[in-house]
Amino acid sequence: MKNKLIIILGILILGGCEQKERLINVSLINLLANPNDFIGQNVIVTGYFSSGRFGTVAIFVNKDDAENGNFGSSISLWDFPLNLYNNEKFTCKNQYVTVVGKFDYEKESGFPSVVVTEEIYLPVVLIMRGSPETSKPISGNCHYEKNGSFG
């Protein structure tokens, strides 16, 4: 477990070195409240990953909002492949995840959204402390990269 955390942190640090644009760590609440402050920016945001509107997937403020279809408290991941989300081997769905991607207005809908999803993974805090629903550490291999690899 400790080795996984070190690997994840190393990837984040090294990945940040390769980024030409800086990453902004932002809460989902702040992103929803002030979308224009983040348009065109590369963001890191954590939320509950579930199916979204218009055949997309999204991250929600919490599990209840996802289950009740409260799309006002969600940010869509417009480029994320829905067929991958529906793949039973994809383990990231219906749990809290951290998303790295470019935030902008989606061209077709006009909604502020993550338009380029670079990476999805379990938040470090959940690996260490556990999920809010169970307070048990999360294990698993939830990871997605833009190149199509996932675990």
# chains A, B, ... in the order shown; residues from 1 in each chain; ligands from 1

$ residues_around --residues "segment 38-46 of chain A" --least-positions-apart "2" --cutoff "6 Å" --atoms "only C-alpha atoms" --output "list of chain:residue names"
A:Leu23, A:Ile24, A:Asn25, A:Val26, A:Ser27, A:Leu28, A:Pro35, A:Asn36, A:Val97, A:Thr98, A:Val99, A:Val100, A:Gly101, A:Lys102, A:Phe103, A:Asp104

$ write_last_selection --atoms "C-alpha atoms" --output "PDB file, in the first residue's frame"
ATOM      1  CA  LEU A  23      -2.053  22.367 -13.078  1.00  0.00           C
ATOM      2  CA  ILE A  24      -4.508  24.091 -10.764  1.00  0.00           C
ATOM      3  CA  ASN A  25      -5.796  22.022  -7.831  1.00  0.00           C
ATOM      4  CA  VAL A  26      -9.378  23.230  -7.360  1.00  0.00           C
ATOM      5  CA  SER A  27     -12.375  21.994  -5.367  1.00  0.00           C
ATOM      6  CA  LEU A  28     -15.409  20.928  -7.372  1.00  0.00           C
ATOM      7  CA  PRO A  35     -16.263  28.352 -13.895  1.00  0.00           C
ATOM      8  CA  ASN A  36     -15.020  31.411 -15.801  1.00  0.00           C
ATOM      9  CA  VAL A  97     -11.909   9.936  -7.996  1.00  0.00           C
ATOM     10  CA  THR A  98      -9.463  12.681  -8.883  1.00  0.00           C
ATOM     11  CA  VAL A  99      -9.569  13.954 -12.464  1.00  0.00           C
ATOM     12  CA  VAL A 100      -6.780  15.776 -14.283  1.00  0.00           C
ATOM     13  CA  GLY A 101      -7.866  17.591 -17.417  1.00  0.00           C
ATOM     14  CA  LYS A 102      -8.460  20.776 -19.357  1.00  0.00           C
ATOM     15  CA  PHE A 103     -11.483  22.810 -18.273  1.00  0.00           C
ATOM     16  CA  ASP A 104     -13.307  24.764 -20.955  1.00  0.00           C
TER      17      ASP A 104
END

$ residues_around --residues "Ser51 of chain A" --least-positions-apart "6" --cutoff "12 Å" --atoms "only C-alpha atoms" --output "MDAnalysis selection string"
chainID A and resid 57:60 63 65:71 74:78 80:86 92:95

$ atom_distance --atom1 "atom CA of His143 of chain A" --atom2 "atom CA of Val114 of chain A"
17.0 Å

$ closest_residue --among "A:Ser109, A:Thr117, A:Asn87, A:Ser73" --to "Leu31 of chain A" --atoms "only C-alpha atoms"
A:Ser73

$ select_by_dssp --residues "segment 51-110 of chain A" --states "strand (DSSP E or B)" --output "ChimeraX atom specification"
/A:51,57-60,74-77,95-105

$ atom_distance --atom1 "atom CA of Tyr121 of chain A" --atom2 "atom CA of Lys89 of chain A"
14.7 Å

$ decode --residues "segment 51-89 of chain A" --atoms "N, CA and C atoms" --output "short mmCIF file (atom, residue, chain, number, x, y, z; two decimals), in the first residue's frame"
data_model
loop_
_atom_site.label_atom_id
_atom_site.label_comp_id
_atom_site.auth_asym_id
_atom_site.auth_seq_id
_atom_site.Cartn_x
_atom_site.Cartn_y
_atom_site.Cartn_z
N SER A 51 -22.37 8.34 -14.18
CA SER A 51 -22.86 8.71 -15.50
C SER A 51 -23.46 10.11 -15.44
N GLY A 52 -23.28 10.85 -16.53
CA GLY A 52 -23.73 12.23 -16.57
C GLY A 52 -24.87 12.42 -17.54
N ARG A 53 -25.06 13.66 -17.95
CA ARG A 53 -26.14 13.97 -18.89
C ARG A 53 -25.65 13.88 -20.33
N PHE A 54 -26.58 13.73 -21.24
CA PHE A 54 -26.28 13.70 -22.67
C PHE A 54 -25.31 12.58 -23.04
N GLY A 55 -25.40 11.44 -22.39
CA GLY A 55 -24.56 10.31 -22.72
C GLY A 55 -23.11 10.50 -22.35
N THR A 56 -22.85 11.30 -21.33
CA THR A 56 -21.48 11.53 -20.87
C THR A 56 -21.31 10.95 -19.47
N VAL A 57 -20.11 11.04 -18.97
CA VAL A 57 -19.86 10.75 -17.56
C VAL A 57 -19.49 12.06 -16.89
N ALA A 58 -19.58 12.08 -15.57
CA ALA A 58 -19.36 13.33 -14.85
C ALA A 58 -18.80 13.05 -13.46
N ILE A 59 -18.28 14.09 -12.85
CA ILE A 59 -17.95 14.02 -11.43
C ILE A 59 -18.92 14.93 -10.70
N PHE A 60 -19.46 14.42 -9.61
CA PHE A 60 -20.46 15.10 -8.80
C PHE A 60 -19.85 15.51 -7.47
N VAL A 61 -20.48 16.47 -6.82
CA VAL A 61 -20.03 16.91 -5.50
C VAL A 61 -20.05 15.76 -4.51
N ASN A 62 -21.10 14.93 -4.57
CA ASN A 62 -21.18 13.78 -3.66
C ASN A 62 -22.02 12.66 -4.27
N LYS A 63 -22.03 11.54 -3.60
CA LYS A 63 -22.74 10.35 -4.08
C LYS A 63 -24.24 10.60 -4.20
N ASP A 64 -24.83 11.28 -3.22
CA ASP A 64 -26.28 11.55 -3.26
C ASP A 64 -26.66 12.35 -4.51
N ASP A 65 -25.87 13.35 -4.85
CA ASP A 65 -26.17 14.14 -6.06
C ASP A 65 -26.11 13.27 -7.31
N ALA A 66 -25.15 12.36 -7.36
CA ALA A 66 -25.04 11.46 -8.52
C ALA A 66 -26.25 10.54 -8.60
N GLU A 67 -26.62 9.94 -7.47
CA GLU A 67 -27.74 9.00 -7.46
C GLU A 67 -29.07 9.68 -7.75
N ASN A 68 -29.19 10.96 -7.40
CA ASN A 68 -30.44 11.69 -7.62
C ASN A 68 -30.44 12.50 -8.92
N GLY A 69 -29.37 12.37 -9.72
CA GLY A 69 -29.32 13.07 -11.00
C GLY A 69 -29.26 14.58 -10.86
N ASN A 70 -28.64 15.08 -9.80
CA ASN A 70 -28.50 16.52 -9.61
C ASN A 70 -27.33 17.03 -10.45
N PHE A 71 -27.58 17.24 -11.73
CA PHE A 71 -26.52 17.61 -12.65
C PHE A 71 -25.99 19.02 -12.41
N GLY A 72 -26.73 19.84 -11.66
CA GLY A 72 -26.25 21.17 -11.31
C GLY A 72 -25.04 21.12 -10.39
N SER A 73 -24.81 19.98 -9.77
CA SER A 73 -23.65 19.83 -8.90
C SER A 73 -22.63 18.89 -9.53
N SER A 74 -22.53 18.95 -10.85
CA SER A 74 -21.59 18.06 -11.55
C SER A 74 -20.87 18.80 -12.66
N ILE A 75 -19.73 18.24 -13.02
CA ILE A 75 -18.96 18.70 -14.18
C ILE A 75 -18.81 17.49 -15.11
N SER A 76 -19.24 17.64 -16.35
CA SER A 76 -19.14 16.54 -17.32
C SER A 76 -17.71 16.38 -17.80
N LEU A 77 -17.37 15.13 -18.12
CA LEU A 77 -16.10 14.81 -18.76
C LEU A 77 -16.42 14.47 -20.21
N TRP A 78 -16.48 15.47 -21.06
CA TRP A 78 -17.05 15.33 -22.40
C TRP A 78 -16.29 14.38 -23.31
N ASP A 79 -15.01 14.25 -23.13
CA ASP A 79 -14.25 13.41 -24.05
C ASP A 79 -14.08 11.99 -23.55
N PHE A 80 -14.56 11.70 -22.34
CA PHE A 80 -14.34 10.36 -21.78
C PHE A 80 -15.21 9.35 -22.52
N PRO A 81 -14.63 8.25 -23.00
CA PRO A 81 -15.40 7.28 -23.80
C PRO A 81 -16.44 6.53 -22.97
N LEU A 82 -17.71 6.69 -23.33
CA LEU A 82 -18.80 6.06 -22.60
C LEU A 82 -18.69 4.54 -22.64
N ASN A 83 -18.20 3.98 -23.75
CA ASN A 83 -18.06 2.52 -23.83
C ASN A 83 -17.04 2.02 -22.80
N LEU A 84 -16.04 2.83 -22.48
CA LEU A 84 -15.08 2.45 -21.44
C LEU A 84 -15.74 2.51 -20.07
N TYR A 85 -16.54 3.54 -19.83
CA TYR A 85 -17.25 3.67 -18.56
C TYR A 85 -18.14 2.44 -18.33
N ASN A 86 -18.77 1.96 -19.39
CA ASN A 86 -19.67 0.80 -19.28
C ASN A 86 -18.94 -0.53 -19.26
N ASN A 87 -17.64 -0.54 -19.49
CA ASN A 87 -16.85 -1.78 -19.47
C ASN A 87 -16.77 -2.28 -18.02
N GLU A 88 -17.17 -3.53 -17.79
CA GLU A 88 -17.19 -4.06 -16.42
C GLU A 88 -15.80 -4.15 -15.79
N LYS A 89 -14.75 -4.12 -16.60
CA LYS A 89 -13.39 -4.16 -16.05
C LYS A 89 -12.91 -2.78 -15.58
#
